[in-house]
$ cat start10.cif   # mmCIF, C-alpha atoms and all ligand atoms
data_input
loop_
_atom_site.label_atom_id
_atom_site.label_comp_id
_atom_site.auth_asym_id
_atom_site.auth_seq_id
_atom_site.Cartn_x
_atom_site.Cartn_y
_atom_site.Cartn_z
CA MET C 1 132.15 -67.18 125.04
CA ALA C 2 134.65 -68.21 122.40
CA LYS C 3 135.60 -71.11 124.59
CA LEU C 4 131.93 -72.12 124.88
CA VAL C 5 131.47 -72.07 121.09
CA ARG C 6 134.64 -74.15 120.65
CA THR C 7 133.43 -76.61 123.29
CA LEU C 8 130.00 -76.83 121.63
CA SER C 9 131.46 -77.42 118.19
CA GLN C 10 133.82 -80.01 119.59
CA ASN C 11 130.90 -81.86 121.15
CA PRO C 12 129.57 -84.28 118.41
CA LYS C 13 125.96 -83.71 119.51
CA CYS C 14 126.34 -79.93 119.41
CA TYR C 15 128.16 -80.20 116.11
CA LEU C 16 125.14 -82.03 114.67
CA LEU C 17 122.81 -79.35 116.05
CA HIS C 18 125.02 -76.70 114.51
CA ARG C 19 124.94 -78.42 111.09
CA MET C 20 121.18 -78.85 111.25
CA THR C 21 120.68 -75.17 112.08
CA PHE C 22 122.91 -74.31 109.14
CA ILE C 23 120.97 -76.57 106.74
CA LEU C 24 117.69 -75.12 108.03
CA LEU C 25 119.02 -71.62 107.43
CA ILE C 26 120.07 -72.48 103.85
CA ALA C 27 116.67 -74.08 103.23
CA LEU C 28 114.96 -70.92 104.50
CA ILE C 29 117.07 -68.72 102.21
CA MET C 30 116.36 -71.01 99.23
CA ALA C 31 112.67 -71.02 100.02
CA PHE C 32 112.70 -67.23 100.20
CA PHE C 33 114.60 -66.63 96.93
CA GLY C 34 113.09 -69.59 95.14
CA TYR C 35 109.60 -68.46 96.11
CA GLY C 36 108.68 -67.84 92.52
CA TYR C 37 109.63 -71.36 91.50
CA MET C 38 108.33 -73.27 94.47
CA ASN C 39 105.19 -71.37 95.29
CA PRO C 40 102.28 -73.62 94.31
CA ARG C 41 100.14 -70.52 93.80
CA LYS C 42 102.37 -69.43 90.94
CA GLN C 43 101.99 -72.77 89.21
CA ARG C 44 98.28 -72.52 89.74
CA VAL C 45 98.27 -69.11 88.02
CA GLU C 46 100.01 -70.62 85.02
CA ILE C 47 97.33 -73.28 84.82
CA ILE C 48 94.62 -70.67 84.99
CA GLN C 49 96.38 -68.66 82.28
CA ALA C 50 96.57 -71.73 80.08
CA GLY C 51 92.89 -72.34 80.68
CA ALA C 52 92.04 -68.77 79.81
CA SER C 53 94.04 -68.83 76.63
CA ILE C 54 92.18 -71.95 75.53
CA THR C 55 88.94 -69.97 75.75
CA ILE C 56 90.52 -67.16 73.74
CA ARG C 57 91.73 -69.67 71.14
CA LYS C 58 88.23 -70.85 70.50
CA ARG C 59 87.10 -67.33 69.68
CA HIS C 60 89.99 -66.73 67.28
CA ASP C 61 90.28 -63.07 67.96
CA LEU C 62 92.91 -61.03 69.68
CA GLN C 63 90.74 -58.87 71.88
CA GLY C 64 91.38 -61.02 74.95
CA VAL C 65 95.12 -60.42 74.94
CA GLU C 66 96.90 -57.40 76.34
CA LEU C 67 100.20 -56.59 74.68
CA PRO C 68 103.16 -55.52 76.83
CA ARG C 69 104.79 -52.15 76.18
CA MET C 70 106.54 -52.26 72.80
CA VAL C 71 108.50 -49.45 71.19
CA LEU C 72 107.73 -49.69 67.48
CA ALA C 73 107.94 -47.53 64.38
CA GLN C 74 104.76 -45.53 63.93
CA PRO C 75 102.49 -46.86 61.17
CA ASP C 76 102.45 -44.35 58.33
CA VAL C 77 98.90 -43.25 57.56
CA LEU C 78 99.73 -41.38 54.37
CA THR C 79 102.18 -43.78 52.65
CA PRO C 80 100.99 -47.27 51.63
CA SER C 81 103.21 -50.11 52.85
CA ARG C 82 103.52 -51.39 49.27
CA LYS C 83 102.87 -49.29 46.19
CA ASP C 84 103.49 -52.03 43.60
CA VAL C 85 100.92 -54.62 44.71
CA PRO C 86 97.43 -54.55 46.22
CA VAL C 87 97.57 -55.41 49.89
CA MET C 88 93.84 -55.94 50.40
CA THR C 89 91.14 -57.92 48.61
CA PRO C 90 87.79 -56.23 47.79
CA TRP C 91 86.33 -58.03 50.84
CA LEU C 92 89.05 -56.49 53.00
CA ALA C 93 91.23 -59.53 53.58
CA PRO C 94 94.95 -58.66 53.78
CA ILE C 95 97.13 -60.01 50.97
CA MET C 96 100.36 -60.99 52.68
CA TRP C 97 103.37 -59.43 50.99
CA GLU C 98 106.75 -58.65 52.50
CA GLY C 99 106.67 -55.16 54.02
CA THR C 100 103.02 -55.21 55.04
CA PHE C 101 103.27 -56.61 58.57
CA ASN C 102 105.31 -56.44 61.76
CA THR C 103 106.43 -59.89 62.91
CA ASP C 104 107.19 -58.74 66.48
CA ILE C 105 103.62 -57.60 67.16
CA LEU C 106 102.12 -60.72 65.61
CA ASN C 107 104.48 -63.05 67.47
CA GLU C 108 103.60 -61.37 70.75
CA GLN C 109 99.86 -61.64 70.10
CA PHE C 110 99.98 -65.30 69.15
CA HIS C 111 102.35 -66.15 72.04
CA LEU C 112 99.93 -64.56 74.49
CA GLN C 113 97.25 -66.88 73.16
CA ASN C 114 99.56 -69.89 73.55
CA THR C 115 98.78 -70.78 69.94
CA THR C 116 99.51 -74.29 68.67
CA ILE C 117 99.77 -74.83 64.94
CA GLY C 118 99.28 -78.14 63.16
CA LEU C 119 101.13 -78.61 59.87
CA THR C 120 99.60 -81.44 57.81
CA VAL C 121 101.68 -83.07 55.12
CA PHE C 122 101.25 -86.23 53.06
CA ALA C 123 104.22 -88.40 52.17
CA ILE C 124 102.83 -91.42 50.39
CA LYS C 125 104.79 -93.89 48.27
CA SER C 126 107.70 -92.27 46.44
CA TYR C 127 106.90 -88.82 47.90
CA LEU C 128 108.55 -89.90 51.15
CA VAL C 129 111.81 -88.74 49.59
CA PHE C 130 110.69 -85.14 50.01
CA LEU C 131 109.89 -85.42 53.71
CA LYS C 132 113.34 -84.96 55.26
CA LEU C 133 114.08 -81.65 53.56
CA PHE C 134 110.52 -80.50 54.18
CA LEU C 135 110.84 -81.10 57.93
CA GLU C 136 114.42 -79.86 58.23
CA THR C 137 113.57 -76.58 56.54
CA ALA C 138 110.28 -76.27 58.45
CA GLU C 139 112.34 -76.45 61.65
CA MET C 140 114.38 -73.52 60.39
CA TYR C 141 111.60 -71.27 59.08
CA PHE C 142 108.08 -72.44 59.92
CA MET C 143 106.44 -70.80 62.96
CA VAL C 144 109.76 -70.52 64.78
CA GLY C 145 109.28 -70.00 68.52
CA HIS C 146 105.69 -71.30 68.46
CA ARG C 147 104.19 -74.65 69.34
CA VAL C 148 103.95 -76.89 66.27
CA ASN C 149 102.54 -80.37 65.67
CA TYR C 150 103.69 -81.94 62.43
CA TYR C 151 101.00 -84.36 61.27
CA ILE C 152 102.61 -86.71 58.80
CA PHE C 153 100.18 -88.81 56.81
CA THR C 154 101.99 -91.75 55.30
CA ASP C 155 101.50 -95.33 54.17
CA ARG C 156 104.99 -96.22 55.48
CA PRO C 157 105.54 -94.90 59.02
CA ASP C 158 108.87 -96.75 59.33
CA TYR C 159 110.37 -94.57 56.63
CA VAL C 160 109.63 -91.27 58.34
CA PRO C 161 113.06 -89.75 59.07
CA TYR C 162 114.08 -89.14 62.67
CA LEU C 163 114.65 -85.50 63.45
CA HIS C 164 115.75 -83.62 66.52
CA LEU C 165 113.06 -80.96 66.92
CA GLN C 166 113.09 -77.60 68.63
CA LYS C 167 111.31 -77.24 71.97
CA GLY C 168 107.51 -77.21 71.78
CA ARG C 169 107.40 -79.08 68.48
CA GLN C 170 106.49 -82.70 67.83
CA ILE C 171 106.00 -85.15 64.99
CA ILE C 172 102.81 -87.20 64.91
CA ILE C 173 102.74 -89.96 62.32
CA LEU C 174 99.32 -90.97 61.00
CA LYS C 175 99.20 -94.18 59.00
CA VAL C 176 96.85 -93.92 56.05
CA ARG C 177 96.14 -95.96 52.96
CA SER C 178 97.62 -95.31 49.56
CA TYR C 179 95.96 -95.11 46.15
CA ALA C 180 97.22 -96.30 42.77
CA ARG C 181 96.88 -92.95 40.98
CA TRP C 182 98.69 -89.83 42.21
CA GLN C 183 95.53 -87.87 41.48
CA ASP C 184 93.62 -90.01 43.99
CA ILE C 185 96.34 -89.58 46.61
CA SER C 186 96.18 -85.83 46.14
CA MET C 187 92.36 -85.69 46.23
CA HIS C 188 91.90 -87.98 49.23
CA ARG C 189 93.94 -85.58 51.34
CA MET C 190 90.71 -83.62 51.77
CA GLU C 191 88.93 -86.67 53.18
CA MET C 192 91.75 -87.55 55.56
CA ILE C 193 92.25 -84.00 56.84
CA SER C 194 88.50 -83.66 57.50
CA ASN C 195 88.34 -87.02 59.32
CA PHE C 196 91.32 -86.26 61.53
CA SER C 197 90.11 -82.70 62.20
CA LYS C 198 86.95 -84.12 63.65
CA GLN C 199 88.68 -86.96 65.51
CA ARG C 200 91.62 -85.20 67.10
CA PHE C 201 93.01 -82.00 65.56
CA HIS C 202 90.37 -79.83 67.21
CA GLN C 203 91.60 -81.01 70.62
CA GLU C 204 95.28 -80.59 69.84
CA VAL C 205 95.81 -77.44 67.78
CA ASP C 206 94.25 -74.05 67.10
CA TYR C 207 95.15 -73.70 63.45
CA LEU C 208 95.90 -76.09 60.61
CA VAL C 209 98.29 -75.36 57.78
CA CYS C 210 97.93 -77.89 54.95
CA ALA C 211 100.91 -78.18 52.62
CA ASP C 212 102.27 -80.28 49.76
CA VAL C 213 105.42 -82.20 50.64
CA ASP C 214 107.40 -81.48 47.46
CA LEU C 215 108.67 -78.17 48.74
CA LYS C 216 111.22 -76.60 51.01
CA PHE C 217 110.93 -73.62 53.32
CA SER C 218 113.55 -71.04 52.43
CA ASP C 219 112.59 -68.02 54.55
CA HIS C 220 110.34 -66.92 57.39
CA VAL C 221 106.79 -68.34 57.38
CA GLY C 222 105.16 -67.27 60.62
CA VAL C 223 101.94 -66.46 62.41
CA GLU C 224 101.20 -63.65 59.94
CA ILE C 225 99.58 -66.31 57.72
CA LEU C 226 97.12 -67.43 60.41
CA SER C 227 93.45 -66.51 60.22
CA PRO C 228 90.17 -68.46 60.29
CA LEU C 229 90.61 -69.28 56.58
CA PHE C 230 93.45 -68.56 54.18
CA GLY C 231 94.52 -69.49 50.66
CA THR C 232 97.66 -68.85 48.60
CA LEU C 233 97.95 -67.26 45.15
CA HIS C 234 99.23 -69.76 42.57
CA LEU C 235 102.57 -68.61 41.22
CA ASN C 236 101.65 -69.36 37.59
CA PHE C 237 98.50 -67.26 37.51
CA PHE C 238 98.73 -64.39 39.97
CA PHE C 239 99.65 -61.92 37.23
CA LEU C 240 96.95 -63.13 34.82
CA SER C 241 93.31 -62.20 34.46
CA GLN C 242 90.39 -64.46 35.26
CA GLU C 243 89.83 -65.89 31.77
CA ASN C 244 93.31 -67.47 31.95
CA PHE C 245 92.69 -69.27 35.23
CA PRO C 246 92.50 -73.07 34.87
CA TYR C 247 89.24 -73.32 36.81
CA GLU C 248 86.98 -76.29 36.14
CA ARG C 249 84.63 -74.94 33.48
CA ARG C 250 82.46 -77.99 32.76
CA PRO C 251 79.04 -77.35 34.34
CA HIS C 252 78.47 -80.97 35.37
CA SER C 253 81.44 -80.94 37.77
CA GLN C 254 80.87 -79.78 41.34
CA ALA C 255 84.03 -77.67 40.98
CA HIS C 256 82.49 -75.70 38.12
CA ILE C 257 83.11 -71.95 38.05
CA PRO C 258 81.32 -70.22 35.14
CA GLU C 259 83.23 -68.00 32.71
CA GLY C 260 83.43 -64.45 33.93
CA GLU C 261 83.53 -65.46 37.61
CA GLY C 262 86.40 -65.84 40.05
CA ASP C 263 88.62 -63.82 42.35
CA PHE C 264 92.04 -65.45 42.30
CA TYR C 265 93.52 -68.79 41.33
CA TYR C 266 94.64 -70.46 44.55
CA THR C 267 97.22 -73.24 44.77
CA GLY C 268 96.25 -76.59 46.24
CA ALA C 269 99.71 -76.76 47.80
CA LEU C 270 99.10 -74.40 50.74
CA PHE C 271 95.93 -73.43 52.55
CA GLY C 272 94.64 -73.47 56.10
CA GLY C 273 92.79 -71.78 58.92
CA SER C 274 91.16 -72.63 62.20
CA VAL C 275 90.50 -76.35 62.71
CA MET C 276 86.76 -75.75 62.35
CA GLU C 277 87.08 -73.86 59.05
CA VAL C 278 89.57 -76.36 57.63
CA TYR C 279 87.18 -79.12 58.63
CA ARG C 280 84.34 -77.39 56.75
CA LEU C 281 86.51 -76.79 53.70
CA THR C 282 87.96 -80.30 53.47
CA LYS C 283 84.62 -81.98 54.17
CA THR C 284 82.83 -79.90 51.52
CA CYS C 285 85.56 -80.51 48.93
CA HIS C 286 85.64 -84.24 49.67
CA GLN C 287 81.87 -84.55 49.35
CA ALA C 288 81.96 -82.61 46.07
CA MET C 289 84.67 -84.96 44.75
CA MET C 290 82.52 -87.96 45.71
CA VAL C 291 79.59 -86.50 43.76
CA ASP C 292 81.89 -85.96 40.78
CA GLN C 293 83.13 -89.53 41.04
CA ALA C 294 79.55 -90.85 41.02
CA ASN C 295 78.94 -88.72 37.93
CA HIS C 296 82.12 -90.03 36.26
CA ILE C 297 83.84 -86.70 36.09
CA GLU C 298 87.16 -85.59 37.59
CA ALA C 299 87.89 -81.89 37.93
CA VAL C 300 90.70 -80.63 35.73
CA TRP C 301 93.06 -79.88 38.63
CA HIS C 302 91.58 -82.34 41.09
CA ASP C 303 91.45 -81.13 44.72
CA GLU C 304 92.85 -77.77 43.63
CA SER C 305 89.79 -77.13 41.41
CA HIS C 306 87.45 -77.90 44.32
CA LEU C 307 89.50 -75.71 46.65
CA ASN C 308 89.13 -72.83 44.19
CA LYS C 309 85.38 -73.32 44.03
CA TYR C 310 85.16 -73.37 47.83
CA LEU C 311 87.27 -70.24 48.29
CA LEU C 312 85.19 -68.37 45.71
CA HIS C 313 82.10 -68.95 47.83
CA HIS C 314 83.80 -68.75 51.24
CA LYS C 315 86.07 -65.73 50.98
CA PRO C 316 89.34 -66.26 52.86
CA PHE C 317 90.28 -63.94 55.72
CA LYS C 318 93.85 -63.69 54.45
CA VAL C 319 95.41 -64.34 51.05
CA LEU C 320 99.07 -65.31 50.89
CA SER C 321 101.12 -63.85 48.07
CA PRO C 322 103.22 -66.17 45.87
CA GLU C 323 106.16 -65.47 48.23
CA TYR C 324 104.63 -68.37 50.15
CA MET C 325 104.67 -70.82 47.20
CA TRP C 326 107.30 -69.93 44.68
CA SER C 327 109.32 -72.01 42.24
CA GLU C 328 112.86 -70.91 41.59
CA TRP C 329 113.48 -73.77 39.15
CA LEU C 330 110.37 -72.92 37.14
CA TYR C 331 111.39 -69.30 36.86
CA TYR C 332 114.95 -70.32 35.99
CA ASN C 333 113.78 -72.65 33.22
CA MET C 334 111.10 -70.31 31.93
CA LYS C 335 113.27 -67.21 32.07
CA ASN C 336 113.04 -66.72 28.31
CA TYR C 337 109.26 -66.68 28.47
CA MET C 338 108.62 -65.07 31.81
CA GLY C 339 111.61 -62.75 32.16
CA ASP C 340 113.43 -62.10 35.40
CA LEU C 341 112.01 -62.60 38.84
CA PRO C 342 109.05 -60.21 39.14
CA SER C 343 110.05 -57.23 41.27
CA SER C 344 106.96 -57.78 43.42
CA ILE C 345 108.58 -60.94 44.86
CA LYS C 346 110.90 -59.55 47.55
CA ARG C 347 111.28 -62.72 49.60
CA ILE C 348 110.92 -66.35 48.59
CA ARG C 349 109.61 -68.12 51.66
CA VAL C 350 108.60 -71.49 50.24
CA ASN C 351 110.06 -73.12 47.18
CA VAL C 352 108.39 -75.86 45.13
CA LEU C 353 110.90 -78.57 44.26
CA GLU C 354 111.46 -79.96 40.81
CA LYS C 355 109.89 -83.33 40.17
CA HIS C 356 109.12 -85.48 37.20
CA LYS C 357 105.79 -87.10 36.62
CA ASN C 358 103.34 -87.59 33.80
CA TRP C 359 101.12 -84.57 33.71
CA PRO C 360 97.49 -85.15 32.76
CA ASP C 361 96.49 -84.02 29.24
C1 LIG X 1 102.00 -76.32 43.49
C2 LIG X 1 100.64 -76.81 43.18
O1 LIG X 1 99.82 -76.07 42.72
N1 LIG X 1 100.37 -78.11 43.49
C3 LIG X 1 99.09 -78.73 43.22
C4 LIG X 1 99.15 -79.43 41.88
O2 LIG X 1 100.21 -80.28 41.52
P1 LIG X 1 101.50 -80.95 42.16
O3 LIG X 1 102.33 -81.41 41.06
O4 LIG X 1 102.18 -80.03 43.09
O5 LIG X 1 100.92 -82.19 42.97
P2 LIG X 1 101.80 -83.21 43.77
O6 LIG X 1 102.38 -84.23 42.83
O7 LIG X 1 102.76 -82.50 44.60
O8 LIG X 1 100.71 -83.95 44.66
C5 LIG X 1 100.13 -83.27 45.75
C6 LIG X 1 100.61 -83.86 47.08
O9 LIG X 1 100.03 -85.14 47.29
C7 LIG X 1 100.92 -85.98 47.99
N2 LIG X 1 101.31 -87.13 47.16
C8 LIG X 1 101.03 -87.16 45.85
C9 LIG X 1 101.35 -88.27 45.08
C10 LIG X 1 101.99 -89.36 45.69
O10 LIG X 1 102.32 -90.39 45.08
N3 LIG X 1 102.27 -89.30 47.02
C11 LIG X 1 101.95 -88.21 47.77
O11 LIG X 1 102.23 -88.19 48.95
C12 LIG X 1 102.15 -85.13 48.31
O12 LIG X 1 101.97 -84.51 49.58
C13 LIG X 1 102.10 -84.10 47.21
O13 LIG X 1 102.85 -82.94 47.52
O14 LIG X 1 97.94 -80.14 41.66
C14 LIG X 1 97.58 -81.10 42.61
C15 LIG X 1 96.28 -81.75 42.19
O15 LIG X 1 96.14 -81.79 40.83
C16 LIG X 1 97.43 -80.48 43.98
O16 LIG X 1 96.32 -79.59 43.97
C17 LIG X 1 98.69 -79.74 44.30
O17 LIG X 1 98.55 -79.12 45.53
MN MN X 2 103.21 -80.44 44.87
#
$ encode --input "start10.cif" --output "structure tokens"
Amino acid sequence: MAKLVRTLSQNPKCYLLHRMTFILLIALIMAFFGYGYMNPRKQRVEIIQAGASITIRKRHDLQGVELPRMVLAQPDVLTPSRKDVPVMTPWLAPIMWEGTFNTDILNEQFHLQNTTIGLTVFAIKSYLVFLKLFLETAEMYFMVGHRVNYYIFTDRPDYVPYLHLQKGRQIIILKVRSYARWQDISMHRMEMISNFSKQRFHQEVDYLVCADVDLKFSDHVGVEILSPLFGTLHLNFFFLSQENFPYERRPHSQAHIPEGEGDFYYTGALFGGSVMEVYRLTKTCHQAMMVDQANHIEAVWHDESHLNKYLLHHKPFKVLSPEYMWSEWLYYNMKNYMGDLPSSIKRIRVNVLEKHKNWPD
């Protein structure tokens, strides 16, 4: 027998047969163990799952997702998560403060929905200088582990810095026109976001986060902020009462909020929601600004005044605390007037950068 095997292996033809059998055997083993990777049915399942999650996305709820087993600390029914700050608005929207949410649960829920987030930012004229730090820090802290499209609106696409992005994230540069006055640049963001929401954002992302560019991310900003519509408390006014808010008070402006009315003063530097809600918000604000322009009036804080009017009449589903738009330099410079960092601010997640410009009277 041994002799026969030796003879066969010495015979070139038999040797070839032997090799082929061996290769076939290896291929069979690979096919068996690699079944999960090669099986077309598995790929098909993934496609179906992606399709299903698109349907869930459109509904913007979490009922369609089933969480895996997670061992978590039990929520305490008798002790509030924060005793020093309200964590809920009167219309039952959560106010997002550190200590009020569990990132692991939220990440899991939004992963299961295959959520894609669009971050819109305008870098027009000299404001391009802010873009590199904005993007670099967003890569470190903004929606880490999730799919992100950065939509960069600029008049000078060639000056957009090149960045190596994490997996699942991309930069999309949108060339837009510039305006002579910074106020017009700021206000026309509403028009451009609404136009692009209708044209393409609704096909590409589930949520939009709209931010100023003159800021840096300095700590975790994740899916906890996402909801159909959200606004952010302005750091200068969150501790003040309504009569101190710089709302537009002139009745002939579309942004007008009468004395004695108002919930919060929201910053124009960070808001967002589902593409549909952001479309409604930006379109309404843009149209209101066009009416104001025709009536020769400009709201005191431009787009921010119109945003505040909109959010008064369309209550946000979540309100972000000033952790999400803080200014270390302002607090440093105003220390004598404002005292130390308020104890309610436990984490500074986004920091407004110092800049010099002529403020309106
Ligand atoms: C922190 C905060 O509350 N910011 C608001 C505030 O002042 P800000 O001083 O923060 O406004 P700003 O100068 O940052 O302008 C708003 C944004 O417009 C863009 N931009 C502006 C000018 C320019 O030449 N190029 C350019 O790209 C850029 O993305 C910038 O971040 O008031 C503005 C309107 O009055 C907006 O409501 C801002 O969101
Ligand atoms: Mn700004």
$ residues_near_point --input "start10.cif" --point "(87.7, -74.3, 54.3)" --cutoff "10 Å" --atoms "only C-alpha atoms" --output "ChimeraX atom specification"
/C:194,228-231,271-285,307,310-311,314-316
$ residues_near_ligand --input "start10.cif" --ligand "ligand MN 2 (chain X)" --cutoff "7 Å" --atoms "all atoms listed in the file" --output "CSV table (one decimal) with C-alpha atoms, keeping the file's coordinate frame"
chain,number,residue,atom,x,y,z
C,212,ASP,CA,102.3,-80.3,49.8
C,213,VAL,CA,105.4,-82.2,50.6
C,214,ASP,CA,107.4,-81.5,47.5
C,269,ALA,CA,99.7,-76.8,47.8
C,352,VAL,CA,108.4,-75.9,45.1
$ residues_around --input "start10.cif" --residues "stretch 140-147 of chain C" --least-positions-apart "5" --cutoff "7 Å" --atoms "only C-alpha atoms" --output "ChimeraX atom specification"
/C:115-117,168-169,217-223
$ residues_near_ligand --input "start10.cif" --ligand "ligand LIG 1 (chain X)" --cutoff "6 Å" --atoms "all atoms listed in the file" --output "VMD selection string"
chain C and resid 121 to 127 182 185 to 186 212 to 214 267 to 269 301 to 304
$ closest_residue --input "start10.cif" --among "C:Thr103, C:Ser227, C:Asn351, C:Ser178" --to "C:Phe153" --atoms "all atoms listed in the file"
C:Ser178
$ closest_residue --input "start10.cif" --among "C:Phe239, C:Tyr324, C:Tyr331, C:Phe130" --to "C:Lys346" --atoms "all atoms listed in the file"
C:Tyr324
$ residues_around --input "start10.cif" --residues "C:Glu298" --least-positions-apart "3" --cutoff "8 Å" --atoms "all atoms listed in the file" --output "PyMOL selection string"
chain C and resi 253+289+292-293+302
$ atom_distance --input "start10.cif" --atom1 "atom CA of C:Phe317" --atom2 "atom CA of C:Leu270"
14.6 Å
$ atom_distance --input "start10.cif" --atom1 "atom CA of C:Ala93" --atom2 "atom CA of C:Ser81"
15.3 Å
$ closest_residue --input "start10.cif" --among "C:Ile348, C:Ala211, C:Ile257, C:Met192" --to "C:His286" --atoms "all atoms listed in the file"
C:Met192
$ residues_near_point --input "start10.cif" --point "(104.0, -54.4, 52.8)" --cutoff "8 Å" --atoms "all atoms listed in the file" --output "ChimeraX atom specification"
/C:80-82,87,96-101
$ atom_distance --input "start10.cif" --atom1 "atom CA of C:His296" --atom2 "atom CA of C:His188"
16.4 Å
$ closest_residue --input "start10.cif" --among "C:Asn102, C:Gln242, C:Thr89, C:Gln254" --to "C:Val300" --atoms "all atoms listed in the file"
C:Gln254
$ closest_residue --input "start10.cif" --among "C:Arg69, C:Arg177, C:Asn308, C:Leu135" --to "C:His164" --atoms "only C-alpha atoms"
C:Leu135
$ residues_around --input "start10.cif" --residues "C:Pro246" --least-positions-apart "2" --cutoff "12 Å" --atoms "only C-alpha atoms" --output "PyMOL selection string"
chain C and resi 234+236-238+240-244+248-250+255-259+262+264-267+299-302+304-306+308-309
$ axis_aligned_box --input "start10.cif" --around "stretch 242-261 of chain C" --padding-each-side "6 Å" --output "AutoDock Vina command-line options"
--center_x 85.9 --center_y -72.7 --center_z 36.6 --size_x 26.8 --size_y 28.5 --size_z 21.6
$ closest_residue --input "start10.cif" --among "C:Pro94, C:Arg349, C:Leu131, C:Asp340" --to "C:Trp326" --atoms "all atoms listed in the file"
C:Arg349
$ decode --input "start10.cif" --residues "stretch 108-127 of chain C" --atoms "C-alpha atoms" --output "compact mmCIF listing (two decimals), in the first residue's frame"
# COMPACT_ATOMS: atom_id res chain seq x y z
CA GLU C 108 -27.40 50.89 21.36
CA GLN C 109 -30.83 52.21 20.37
CA PHE C 110 -29.50 54.57 17.72
CA HIS C 111 -27.07 51.94 16.38
CA LEU C 112 -29.93 49.50 15.94
CA GLN C 113 -31.68 52.10 13.82
CA ASN C 114 -28.52 52.63 11.74
CA THR C 115 -28.87 56.35 12.39
CA THR C 116 -27.01 58.82 10.18
CA ILE C 117 -26.49 62.34 11.48
CA GLY C 118 -25.82 65.39 9.33
CA LEU C 119 -23.83 68.21 10.93
CA THR C 120 -24.30 71.49 9.03
CA VAL C 121 -21.72 74.21 9.43
CA PHE C 122 -21.05 77.44 7.56
CA ALA C 123 -17.52 78.64 6.95
CA ILE C 124 -17.80 81.73 4.80
CA LYS C 125 -15.08 84.33 4.20
CA SER C 126 -12.80 84.78 7.21
CA TYR C 127 -14.72 82.18 9.26
